[in-house]
Amino acid sequence: MKHLKKTDLEIYKLIQEEEKRQQNTLQMIPSENTASKAVEEAMGSVFGNKYGEGYPEKRYYQGNKVIDKLESMVIERAKKVYGVPAANVQALSGSPANFAVYTALLSPGDTLMGLSLASGGHLTHGAAFNASSRYFRAVNYDTDKNGMIDYEEVRKIAKKEKPKIIIASTTAYARILDWKKFAEIAEEVGAYLMADISHISGLIVGEVYPSPVDYAHVITTTTHKSLRGPRAALILSTEKGLKKDPDLAKKIDKAIIPGIQGGPHFNNIAAIGVALKEASTAKYKKYAQQVIANAKTLAQELQKYDFKLVTGGTDSHLLLVDLRNKGLMGNTVAEALDAVGIVLNRNGVPQDPNPPFFPSGIRMGTPGITSRKLEEKEMKLIAKWIDEVTKAVAETKELLKVTAEEEKKKSVRKNIIEKTKKLKAIKKEVLALCKKFPLPTEY
Ligand SMILES: Cc1ncc(COP(=O)(O)O)c(C=O)c1O
C-alpha cells in the first residue's frame with residue numbers, strides 16, 4: 001500500500017490497525033469471513049473508476065467494451081455455480097438485493113411475509129422501521145419456544161394473510177431450512193417463494209447444505225459471508241421462477257436499474273467473479289465441510305460446559321447460545337469475549353424476556369475461523385475459553401453485587417470486565433493461537 005501510505009497516512013494507519021485487529025483476534029461473527037487477497041485486489045482495481053448504468057450491450061455511457069465482458073462473465077459464473085438460468089450481479093449489498101426483489105414483484109401496499117426480527121429474521125424481511133414494512137404490508141412468522149420454525153404456523157399465517165412473497169431466510173437459525181415445506185406453503189397461497197441464502201450461500205455452493213434452487217422462485221444472497229467474496233450481492237431467478245413468471249428476471253433487472261440503483265460497482269462485480277471461481281473448487285468443498293464439522297464440535301463442547309444451545313445444537317455454520325442459566329446478559333459475555341480476542345455478537349433467543357438491546361444470548365459462527373484453518377482441536381480450546389471467560393465474569397459480577405438492572409450500563413460491564421483478572425491470561429492464549437493460524441491470503 002505504498003501509494004496510500006504516501007497520500008494519506010491516517011487512513012493507511014487505520015487499515016494497518018484493523019488488519020492487526022483481525023490478525024490477533026478470532027472472527028466468530030457468523031456473517032463475517034476473510035476474503036482472499038485476489039478478491040481484495042479485484043475490489044481495489046480500476047473497475048471502480050467506470051460508470052456503466054444499464055446492462056451488457058445496453059448501457060447509457062460509452063467505454064463499455066471491458067465491463068460488458070466482465071459483467072457477462074460473472075453472470076455466467078453465478079448461473080453455473082448456483083445452477084440457475086438467470087443472475088443479476090449488480091445489487092450493492094444484501095439489503096438492496098432484497099428491496100429490488102420486492103420492487104420487482106410487489107406494488108406498494110402488497111403483502112410480504114418473513115421471519116420476525118426477534119426470531120432471527122433480517123431487518124429487510126419485514127421488520128418495523130425497515131423499508132420492507134414501510135412501503136409494503138409486512139407480516140411476520142416466529143420460531144417456536146424451542147427456536148424451531150413451525151411450518152404449520154407459517155402455513156396458517158400465509159393462508160390468513162395471503163402474502164405475494166414468502167421469504168425463507170434467517171440470520172440466527174442453526175438448523176436446516178425445509179425449502180420443500182416453504183415451497184408447498186407458497187404454492188398453496190399462490191405466493192412467490194424468495195430464499196435469502198445470505199448466511200448459508202457458501203455452504204450451499206460447497207454442497208453441505210440443501211439448495212433451494214428447485215423450490216424457490218427467486219434467491220438472494222450476499223457474497224461476503226460464508227461465500228468469502230466482496231461486500232456485494234446476487235439475485236438469482238430459478239427455472240421454477242421463470243415458469244411462474246417468464247418476465248421474472250427482466251423485472252428484477254429493471255428493479256435494480258432504473259428501479260433502486262444507479263451505476264454498478266464493477267470492482268465488486270469483478271471480485272464476485274473471483275470469489276465464485278474460488279468457490280468452484282474441491283478445496284472449497286472441503287472448507288464448507290470443515291465449517292460444519294467445526295460448528296458441530298464447538299456445539300458439543302459448549303454443551304459439556306452446560307451452555308444451552310437454542311434448538312439443542314447445529315446443522316450449519318452457526319450457534320445460538322441462551323445464557324440465562326449463566327446469570328449474565330449477552331452484552332456482558334460478548335464484551336468480555338471481545339476483551340480476550342474472541343469476537344462474536346450478542347443476540348436474542350426465542351421468546352427472549354429481555355429487550356433486543358440487552359438480549360439473553362450470544363451468536364457465533366465458524367466460517368471465519370475455518371478460513372484460518374482451525375479444526376476440531378482448536379474448537380475444543382475455544383469452547384474452554386468461552387466457558388472460562390463466562391465463569392470468571394459471572395464470579396466478578398457476583399463479587400461486585402451487580403444487579404441485572406445495573407448490568408445494562410456499559411460502564412458497569414466495563415468495570416466487571418476490567419476487574420476480572422483471569423481474562424489477561426486467556427487473552428494471551430488466544431493471541432498465541434491467532435499467531436499460529438495467520439489470516440490467509442489465498443485459498
Ligand atoms: C439473511 C440476510 N439477508 C440480508 C442481509 C443484508 O445484507 P447487507 O448487510 O449486505 O445489506 C443480511 C446481513 O446480515 C442477512 O443476514
# chains A, B, ... in the order shown; residues from 1 in each chain; ligands from 1
>>> residues_around(residues="A:Ile257", least_positions_apart="2", cutoff="12 Å", atoms="only C-alpha atoms", output="ChimeraX atom specification")
/A:52-55,58-60,88-92,96-97,100-101,103-104,250-255,259-264
>>> residues_around(residues="A:Ala183", least_positions_apart="3", cutoff="8 Å", atoms="only C-alpha atoms", output="number ranges by chain")
A: 179-180, 186-187, 193, 215-216
>>> write_last_selection(atoms="N, CA and C atoms", output="compact mmCIF listing (two decimals), in the first residue's frame")
# COMPACT_ATOMS: atom_id res chain seq x y z
N TRP A 179 -36.82 -26.22 2.57
CA TRP A 179 -37.24 -25.48 1.37
C TRP A 179 -38.54 -26.06 0.79
N LYS A 180 -38.65 -27.40 0.85
CA LYS A 180 -39.81 -28.06 0.24
C LYS A 180 -41.09 -27.62 0.96
N ALA A 186 -46.03 -21.74 -0.13
CA ALA A 186 -46.10 -20.67 -1.13
C ALA A 186 -47.06 -21.06 -2.25
N GLU A 187 -46.95 -22.31 -2.67
CA GLU A 187 -47.81 -22.84 -3.75
C GLU A 187 -49.29 -22.73 -3.34
N LEU A 193 -41.90 -17.70 -3.71
CA LEU A 193 -41.02 -18.06 -2.60
C LEU A 193 -39.65 -17.46 -2.87
N TYR A 215 -36.87 -25.21 -5.42
CA TYR A 215 -38.07 -24.87 -4.65
C TYR A 215 -38.44 -23.38 -4.70
N ALA A 216 -37.43 -22.53 -4.69
CA ALA A 216 -37.71 -21.09 -4.63
C ALA A 216 -37.89 -20.54 -6.05
>>> residues_near_ligand(ligand="ligand 1", cutoff="8 Å", atoms="only C-alpha atoms and all ligand atoms", output="MDAnalysis selection string")
chainID A and resid 31 92:98 121:125 169:171 196:199 220:222 224 231:233
>>> write_last_selection(atoms="C-alpha atoms", output="short mmCIF file (atom, residue, chain, number, x, y, z; two decimals), in the first residue's frame")
data_model
loop_
_atom_site.label_atom_id
_atom_site.label_comp_id
_atom_site.auth_asym_id
_atom_site.auth_seq_id
_atom_site.Cartn_x
_atom_site.Cartn_y
_atom_site.Cartn_z
CA SER A 31 -21.70 -13.36 8.82
CA LEU A 92 -24.78 -3.32 -4.00
CA SER A 93 -25.38 -5.48 -0.95
CA GLY A 94 -27.89 -7.86 0.62
CA SER A 95 -30.40 -5.24 1.74
CA PRO A 96 -30.77 -3.55 -1.68
CA ALA A 97 -30.93 -7.01 -3.30
CA ASN A 98 -33.95 -7.85 -1.15
CA GLY A 121 -35.17 -12.73 10.57
CA HIS A 122 -33.24 -9.89 8.90
CA LEU A 123 -34.41 -6.26 9.03
CA THR A 124 -35.23 -6.48 5.33
CA HIS A 125 -37.63 -9.39 5.88
CA SER A 169 -34.39 -16.99 5.47
CA THR A 170 -32.81 -16.27 8.79
CA THR A 171 -29.72 -14.77 10.34
CA ASP A 196 -32.47 -15.26 1.04
CA ILE A 197 -29.46 -17.54 1.48
CA SER A 198 -27.01 -14.81 2.54
CA HIS A 199 -25.66 -16.69 5.56
CA THR A 220 -30.94 -13.52 -2.99
CA THR A 221 -27.55 -13.79 -1.37
CA THR A 222 -24.81 -11.59 -0.07
CA HIS A 224 -19.29 -11.63 1.69
CA ARG A 231 -19.40 -6.97 0.14
CA ALA A 232 -21.99 -7.34 -2.60
CA ALA A 233 -24.97 -9.50 -3.55
#
>>> residues_around(residues="stretch 290-301 of chain A", least_positions_apart="5", cutoff="6 Å", atoms="only C-alpha atoms", output="number ranges by chain")
A: 313, 316-317, 366-367, 370, 376, 379, 383
>>> write_last_selection(atoms="C-alpha atoms", output="PDB file, in the first residue's frame")
ATOM      1  CA  GLY A 313     -27.324 -27.961  18.523  1.00  0.00           C
ATOM      2  CA  SER A 316     -24.910 -25.307   9.910  1.00  0.00           C
ATOM      3  CA  HIS A 317     -22.180 -22.735  10.478  1.00  0.00           C
ATOM      4  CA  THR A 366     -17.302 -20.877  12.189  1.00  0.00           C
ATOM      5  CA  PRO A 367     -16.825 -19.552   8.590  1.00  0.00           C
ATOM      6  CA  THR A 370     -12.331 -22.195   9.442  1.00  0.00           C
ATOM      7  CA  GLU A 376     -11.825 -29.631  15.839  1.00  0.00           C
ATOM      8  CA  MET A 379     -12.807 -25.709  18.675  1.00  0.00           C
ATOM      9  CA  ALA A 383     -15.190 -23.681  23.945  1.00  0.00           C
TER      10      ALA A 383
END
>>> residues_around(residues="A:Gln351", least_positions_apart="4", cutoff="8 Å", atoms="only C-alpha atoms", output="MDAnalysis selection string")
chainID A and resid 118:119 145
>>> select_by_dssp(residues="stretch 230-421 of chain A", states="strand (DSSP E)", output="NGL selection string")
:A and (233-237 or 308-309 or 318-322 or 342-343 or 345-347 or 361-365)
>>> atom_distance(atom1="atom CA of A:Val189", atom2="atom CA of A:Tyr135")
21.6 Å
>>> closest_atom_pairs(of="stretch 189-279 of chain A", to="stretch 67-78 of chain A", cutoff="9 Å", atoms="only C-alpha atoms", output="CSV")
residue,atom,partner,partner_atom,distance
A:Leu234,CA,A:Ala78,CA,8.1
A:Leu236,CA,A:Ala78,CA,8.3
A:Phe266,CA,A:Ile67,CA,7.1
A:Ile269,CA,A:Glu71,CA,6.9
A:Ala270,CA,A:Leu70,CA,6.8
A:Ile272,CA,A:Val74,CA,7.2
A:Gly273,CA,A:Val74,CA,5.0
A:Val274,CA,A:Val74,CA,8.6
A:Leu276,CA,A:Arg77,CA,6.6
A:Lys277,CA,A:Arg77,CA,7.5
>>> write_last_selection(atoms="N, CA and C atoms", output="PDB file, in the first residue's frame")
ATOM      1  N   LEU A 234     -26.067 -11.092  -4.977  1.00  0.00           N
ATOM      2  CA  LEU A 234     -26.577 -11.678  -6.223  1.00  0.00           C
ATOM      3  C   LEU A 234     -28.083 -11.843  -6.090  1.00  0.00           C
ATOM      4  N   LEU A 236     -30.827 -14.275  -7.991  1.00  0.00           N
ATOM      5  CA  LEU A 236     -30.896 -15.391  -8.930  1.00  0.00           C
ATOM      6  C   LEU A 236     -32.351 -15.749  -9.209  1.00  0.00           C
ATOM      7  N   PHE A 266     -18.381  -2.008 -10.565  1.00  0.00           N
ATOM      8  CA  PHE A 266     -17.724  -3.079 -11.354  1.00  0.00           C
ATOM      9  C   PHE A 266     -16.534  -3.698 -10.625  1.00  0.00           C
ATOM     10  N   ILE A 269     -18.127  -6.338  -8.753  1.00  0.00           N
ATOM     11  CA  ILE A 269     -18.585  -7.402  -9.662  1.00  0.00           C
ATOM     12  C   ILE A 269     -17.374  -8.271 -10.055  1.00  0.00           C
ATOM     13  N   ALA A 270     -16.237  -7.630 -10.310  1.00  0.00           N
ATOM     14  CA  ALA A 270     -15.011  -8.394 -10.615  1.00  0.00           C
ATOM     15  C   ALA A 270     -14.648  -9.299  -9.439  1.00  0.00           C
ATOM     16  N   ILE A 272     -16.681 -10.461  -7.147  1.00  0.00           N
ATOM     17  CA  ILE A 272     -17.653 -11.570  -7.050  1.00  0.00           C
ATOM     18  C   ILE A 272     -17.187 -12.692  -7.974  1.00  0.00           C
ATOM     19  N   GLY A 273     -16.752 -12.304  -9.178  1.00  0.00           N
ATOM     20  CA  GLY A 273     -16.266 -13.305 -10.137  1.00  0.00           C
ATOM     21  C   GLY A 273     -15.119 -14.125  -9.560  1.00  0.00           C
ATOM     22  N   VAL A 274     -14.187 -13.449  -8.905  1.00  0.00           N
ATOM     23  CA  VAL A 274     -13.038 -14.153  -8.317  1.00  0.00           C
ATOM     24  C   VAL A 274     -13.521 -15.108  -7.219  1.00  0.00           C
ATOM     25  N   LEU A 276     -16.421 -16.487  -6.886  1.00  0.00           N
ATOM     26  CA  LEU A 276     -17.149 -17.628  -7.472  1.00  0.00           C
ATOM     27  C   LEU A 276     -16.174 -18.653  -8.038  1.00  0.00           C
ATOM     28  N   LYS A 277     -15.077 -18.143  -8.629  1.00  0.00           N
ATOM     29  CA  LYS A 277     -14.062 -19.076  -9.142  1.00  0.00           C
ATOM     30  C   LYS A 277     -13.437 -19.851  -7.970  1.00  0.00           C
TER      31      LYS A 277
END
>>> residues_around(residues="A:Lys308", least_positions_apart="4", cutoff="9 Å", atoms="only C-alpha atoms", output="PyMOL selection string")
chain A and resi 302-303+312-313+320-325
>>> write_last_selection(atoms="C-alpha atoms", output="PDB file, in the first residue's frame")
ATOM      1  CA  LEU A 302     -20.070 -25.902  24.798  1.00  0.00           C
ATOM      2  CA  GLN A 303     -22.823 -28.271  25.864  1.00  0.00           C
ATOM      3  CA  GLY A 312     -30.165 -28.136  21.028  1.00  0.00           C
ATOM      4  CA  GLY A 313     -27.324 -27.961  18.523  1.00  0.00           C
ATOM      5  CA  LEU A 320     -27.123 -19.543  19.171  1.00  0.00           C
ATOM      6  CA  VAL A 321     -26.486 -19.791  22.907  1.00  0.00           C
ATOM      7  CA  ASP A 322     -29.053 -18.985  25.591  1.00  0.00           C
ATOM      8  CA  LEU A 323     -27.103 -17.595  28.561  1.00  0.00           C
ATOM      9  CA  ARG A 324     -29.913 -17.393  31.076  1.00  0.00           C
ATOM     10  CA  ASN A 325     -28.531 -20.279  33.148  1.00  0.00           C
TER      11      ASN A 325
END
>>> closest_residue(among="A:Ala87, A:Val310, A:Ile235, A:Val66", to="A:Ile149", atoms="only C-alpha atoms")
A:Val310
>>> residues_around(residues="A:Leu328", least_positions_apart="6", cutoff="9 Å", atoms="only C-alpha atoms", output="compact mmCIF listing (two decimals) with C-alpha atoms, in the first residue's frame")
# COMPACT_ATOMS: atom_id res chain seq x y z
CA SER A 360 -30.14 -13.15 26.72
CA GLY A 361 -27.90 -14.83 24.20
CA THR A 390 -18.13 -16.63 31.24
CA VAL A 393 -17.01 -12.69 34.64
CA ALA A 394 -20.04 -14.16 36.44
CA LYS A 397 -20.39 -9.77 38.85
CA ALA A 404 -29.35 -7.32 36.35
CA GLU A 407 -25.55 -4.70 34.23
>>> residues_around(residues="A:Lys162", least_positions_apart="6", cutoff="10 Å", atoms="only C-alpha atoms", output="ChimeraX atom specification")
/A:110-113,139,156,186,188-191
>>> write_last_selection(atoms="C-alpha atoms", output="compact mmCIF listing (two decimals), in the first residue's frame")
# COMPACT_ATOMS: atom_id res chain seq x y z
CA ASP A 110 -48.83 -5.52 -1.21
CA THR A 111 -48.10 -8.13 1.44
CA LEU A 112 -44.78 -9.86 2.09
CA MET A 113 -44.13 -12.36 4.85
CA VAL A 139 -46.45 -9.83 8.21
CA LYS A 156 -51.70 -20.78 8.96
CA ALA A 186 -46.10 -20.67 -1.13
CA GLU A 188 -50.95 -23.15 -1.61
CA VAL A 189 -51.38 -19.37 -1.38
CA GLY A 190 -50.01 -18.52 -4.84
CA ALA A 191 -47.02 -16.60 -3.42
>>> atom_distance(atom1="atom CA of A:Met148", atom2="atom CA of A:Gly241")
27.1 Å
>>> closest_residue(among="A:Lys80, A:Arg372, A:Lys244, A:Arg21", to="A:Leu439", atoms="only C-alpha atoms")
A:Arg372
>>> atom_distance(atom1="atom CA of A:Phe437", atom2="atom CA of A:Lys373")
6.9 Å
>>> select_by_dssp(residues="stretch 14-110 of chain A", states="helix (DSSP H, G or I)", output="PyMOL selection string")
chain A and resi 14-23+37-43+46-49+65-82+94-105
>>> write_last_selection(atoms="N, CA and C atoms", output="compact mmCIF listing (two decimals), in the first residue's frame")
# COMPACT_ATOMS: atom_id res chain seq x y z
N LEU A 14 -5.02 3.39 9.91
CA LEU A 14 -6.25 2.71 10.37
C LEU A 14 -6.38 1.34 9.71
N ILE A 15 -6.00 1.26 8.44
CA ILE A 15 -6.06 -0.05 7.77
C ILE A 15 -5.09 -1.02 8.43
N GLN A 16 -3.90 -0.53 8.73
CA GLN A 16 -2.91 -1.39 9.43
C GLN A 16 -3.46 -1.86 10.77
N GLU A 17 -4.11 -0.90 11.47
CA GLU A 17 -4.64 -1.20 12.80
C GLU A 17 -5.74 -2.26 12.71
N GLU A 18 -6.61 -2.10 11.70
CA GLU A 18 -7.71 -3.07 11.54
C GLU A 18 -7.16 -4.44 11.12
N GLU A 19 -6.15 -4.43 10.26
CA GLU A 19 -5.56 -5.71 9.85
C GLU A 19 -4.98 -6.43 11.07
N LYS A 20 -4.33 -5.66 11.91
CA LYS A 20 -3.74 -6.23 13.12
C LYS A 20 -4.84 -6.79 14.04
N ARG A 21 -5.94 -6.03 14.15
CA ARG A 21 -7.05 -6.50 14.98
C ARG A 21 -7.58 -7.83 14.45
N GLN A 22 -7.77 -7.88 13.12
CA GLN A 22 -8.29 -9.13 12.54
C GLN A 22 -7.29 -10.28 12.72
N GLN A 23 -6.01 -9.93 12.56
CA GLN A 23 -4.94 -10.93 12.71
C GLN A 23 -4.90 -11.48 14.14
N LYS A 37 -6.66 -12.32 -0.91
CA LYS A 37 -6.03 -11.11 -1.47
C LYS A 37 -6.46 -10.93 -2.93
N ALA A 38 -6.73 -12.04 -3.62
CA ALA A 38 -7.18 -11.94 -5.02
C ALA A 38 -8.51 -11.19 -5.09
N VAL A 39 -9.42 -11.52 -4.16
CA VAL A 39 -10.71 -10.81 -4.10
C VAL A 39 -10.46 -9.34 -3.77
N GLU A 40 -9.57 -9.11 -2.81
CA GLU A 40 -9.25 -7.74 -2.39
C GLU A 40 -8.67 -6.93 -3.54
N GLU A 41 -7.79 -7.54 -4.29
CA GLU A 41 -7.16 -6.83 -5.42
C GLU A 41 -8.20 -6.46 -6.48
N ALA A 42 -9.12 -7.39 -6.76
CA ALA A 42 -10.18 -7.09 -7.74
C ALA A 42 -11.04 -5.94 -7.23
N MET A 43 -11.32 -5.96 -5.92
CA MET A 43 -12.13 -4.89 -5.32
C MET A 43 -11.45 -3.54 -5.40
N VAL A 46 -9.08 -0.85 -11.00
CA VAL A 46 -9.55 0.28 -11.82
C VAL A 46 -11.00 0.13 -12.26
N PHE A 47 -11.58 -1.05 -12.10
CA PHE A 47 -13.01 -1.19 -12.44
C PHE A 47 -13.86 -0.23 -11.61
N GLY A 48 -13.35 0.15 -10.45
CA GLY A 48 -14.07 1.10 -9.61
C GLY A 48 -14.21 2.48 -10.24
N ASN A 49 -13.42 2.77 -11.27
CA ASN A 49 -13.47 4.09 -11.92
C ASN A 49 -14.58 4.21 -12.95
N LYS A 65 -16.54 -1.63 -23.42
CA LYS A 65 -16.01 -2.86 -24.02
C LYS A 65 -15.60 -3.88 -22.95
N VAL A 66 -14.88 -3.40 -21.95
CA VAL A 66 -14.33 -4.35 -20.97
C VAL A 66 -15.37 -4.70 -19.89
N ILE A 67 -16.11 -3.71 -19.43
CA ILE A 67 -17.09 -4.02 -18.36
C ILE A 67 -18.19 -4.94 -18.88
N ASP A 68 -18.51 -4.83 -20.16
CA ASP A 68 -19.52 -5.76 -20.72
C ASP A 68 -19.01 -7.19 -20.66
N LYS A 69 -17.73 -7.34 -21.01
CA LYS A 69 -17.15 -8.70 -20.94
C LYS A 69 -17.16 -9.19 -19.49
N LEU A 70 -16.76 -8.28 -18.59
CA LEU A 70 -16.69 -8.65 -17.17
C LEU A 70 -18.05 -9.07 -16.63
N GLU A 71 -19.04 -8.19 -16.81
CA GLU A 71 -20.35 -8.48 -16.20
C GLU A 71 -20.95 -9.76 -16.79
N SER A 72 -20.80 -9.95 -18.12
CA SER A 72 -21.34 -11.17 -18.75
C SER A 72 -20.66 -12.40 -18.18
N MET A 73 -19.34 -12.30 -17.98
CA MET A 73 -18.60 -13.45 -17.46
C MET A 73 -19.04 -13.78 -16.03
N VAL A 74 -19.21 -12.76 -15.21
CA VAL A 74 -19.59 -13.01 -13.81
C VAL A 74 -21.03 -13.55 -13.73
N ILE A 75 -21.90 -13.06 -14.60
CA ILE A 75 -23.27 -13.60 -14.65
C ILE A 75 -23.21 -15.09 -14.98
N GLU A 76 -22.40 -15.44 -15.98
CA GLU A 76 -22.30 -16.87 -16.35
C GLU A 76 -21.76 -17.70 -15.19
N ARG A 77 -20.76 -17.17 -14.50
CA ARG A 77 -20.21 -17.91 -13.35
C ARG A 77 -21.27 -18.11 -12.28
N ALA A 78 -22.03 -17.06 -11.99
CA ALA A 78 -23.07 -17.17 -10.95
C ALA A 78 -24.11 -18.21 -11.36
N LYS A 79 -24.52 -18.17 -12.63
CA LYS A 79 -25.52 -19.13 -13.11
C LYS A 79 -25.02 -20.57 -12.93
N LYS A 80 -23.75 -20.75 -13.28
CA LYS A 80 -23.17 -22.10 -13.20
C LYS A 80 -23.01 -22.56 -11.75
N VAL A 81 -22.46 -21.70 -10.93
CA VAL A 81 -22.17 -22.09 -9.53
C VAL A 81 -23.46 -22.43 -8.77
N TYR A 82 -24.53 -21.65 -8.99
CA TYR A 82 -25.77 -21.91 -8.25
C TYR A 82 -26.76 -22.78 -9.02
N GLY A 94 -26.73 -7.00 0.39
CA GLY A 94 -27.89 -7.86 0.62
C GLY A 94 -29.20 -7.09 0.77
N SER A 95 -29.15 -5.98 1.49
CA SER A 95 -30.40 -5.24 1.74
C SER A 95 -30.99 -4.69 0.44
N PRO A 96 -30.20 -3.99 -0.39
CA PRO A 96 -30.77 -3.55 -1.68
C PRO A 96 -31.19 -4.72 -2.58
N ALA A 97 -30.52 -5.85 -2.48
CA ALA A 97 -30.93 -7.01 -3.30
C ALA A 97 -32.35 -7.41 -2.91
N ASN A 98 -32.61 -7.48 -1.60
CA ASN A 98 -33.95 -7.85 -1.15
C ASN A 98 -34.98 -6.81 -1.56
N PHE A 99 -34.61 -5.55 -1.42
CA PHE A 99 -35.57 -4.49 -1.78
C PHE A 99 -35.85 -4.52 -3.28
N ALA A 100 -34.85 -4.87 -4.05
CA ALA A 100 -35.04 -4.96 -5.51
C ALA A 100 -36.07 -6.05 -5.84
N VAL A 101 -36.01 -7.17 -5.14
CA VAL A 101 -36.98 -8.25 -5.41
C VAL A 101 -38.40 -7.77 -5.06
N TYR A 102 -38.53 -7.08 -3.92
CA TYR A 102 -39.86 -6.58 -3.55
C TYR A 102 -40.34 -5.56 -4.60
N THR A 103 -39.42 -4.70 -5.03
CA THR A 103 -39.78 -3.69 -6.03
C THR A 103 -40.22 -4.36 -7.33
N ALA A 104 -39.54 -5.47 -7.67
CA ALA A 104 -39.86 -6.17 -8.92
C ALA A 104 -41.22 -6.85 -8.87
N LEU A 105 -41.57 -7.39 -7.71
CA LEU A 105 -42.73 -8.30 -7.66
C LEU A 105 -43.95 -7.74 -6.93
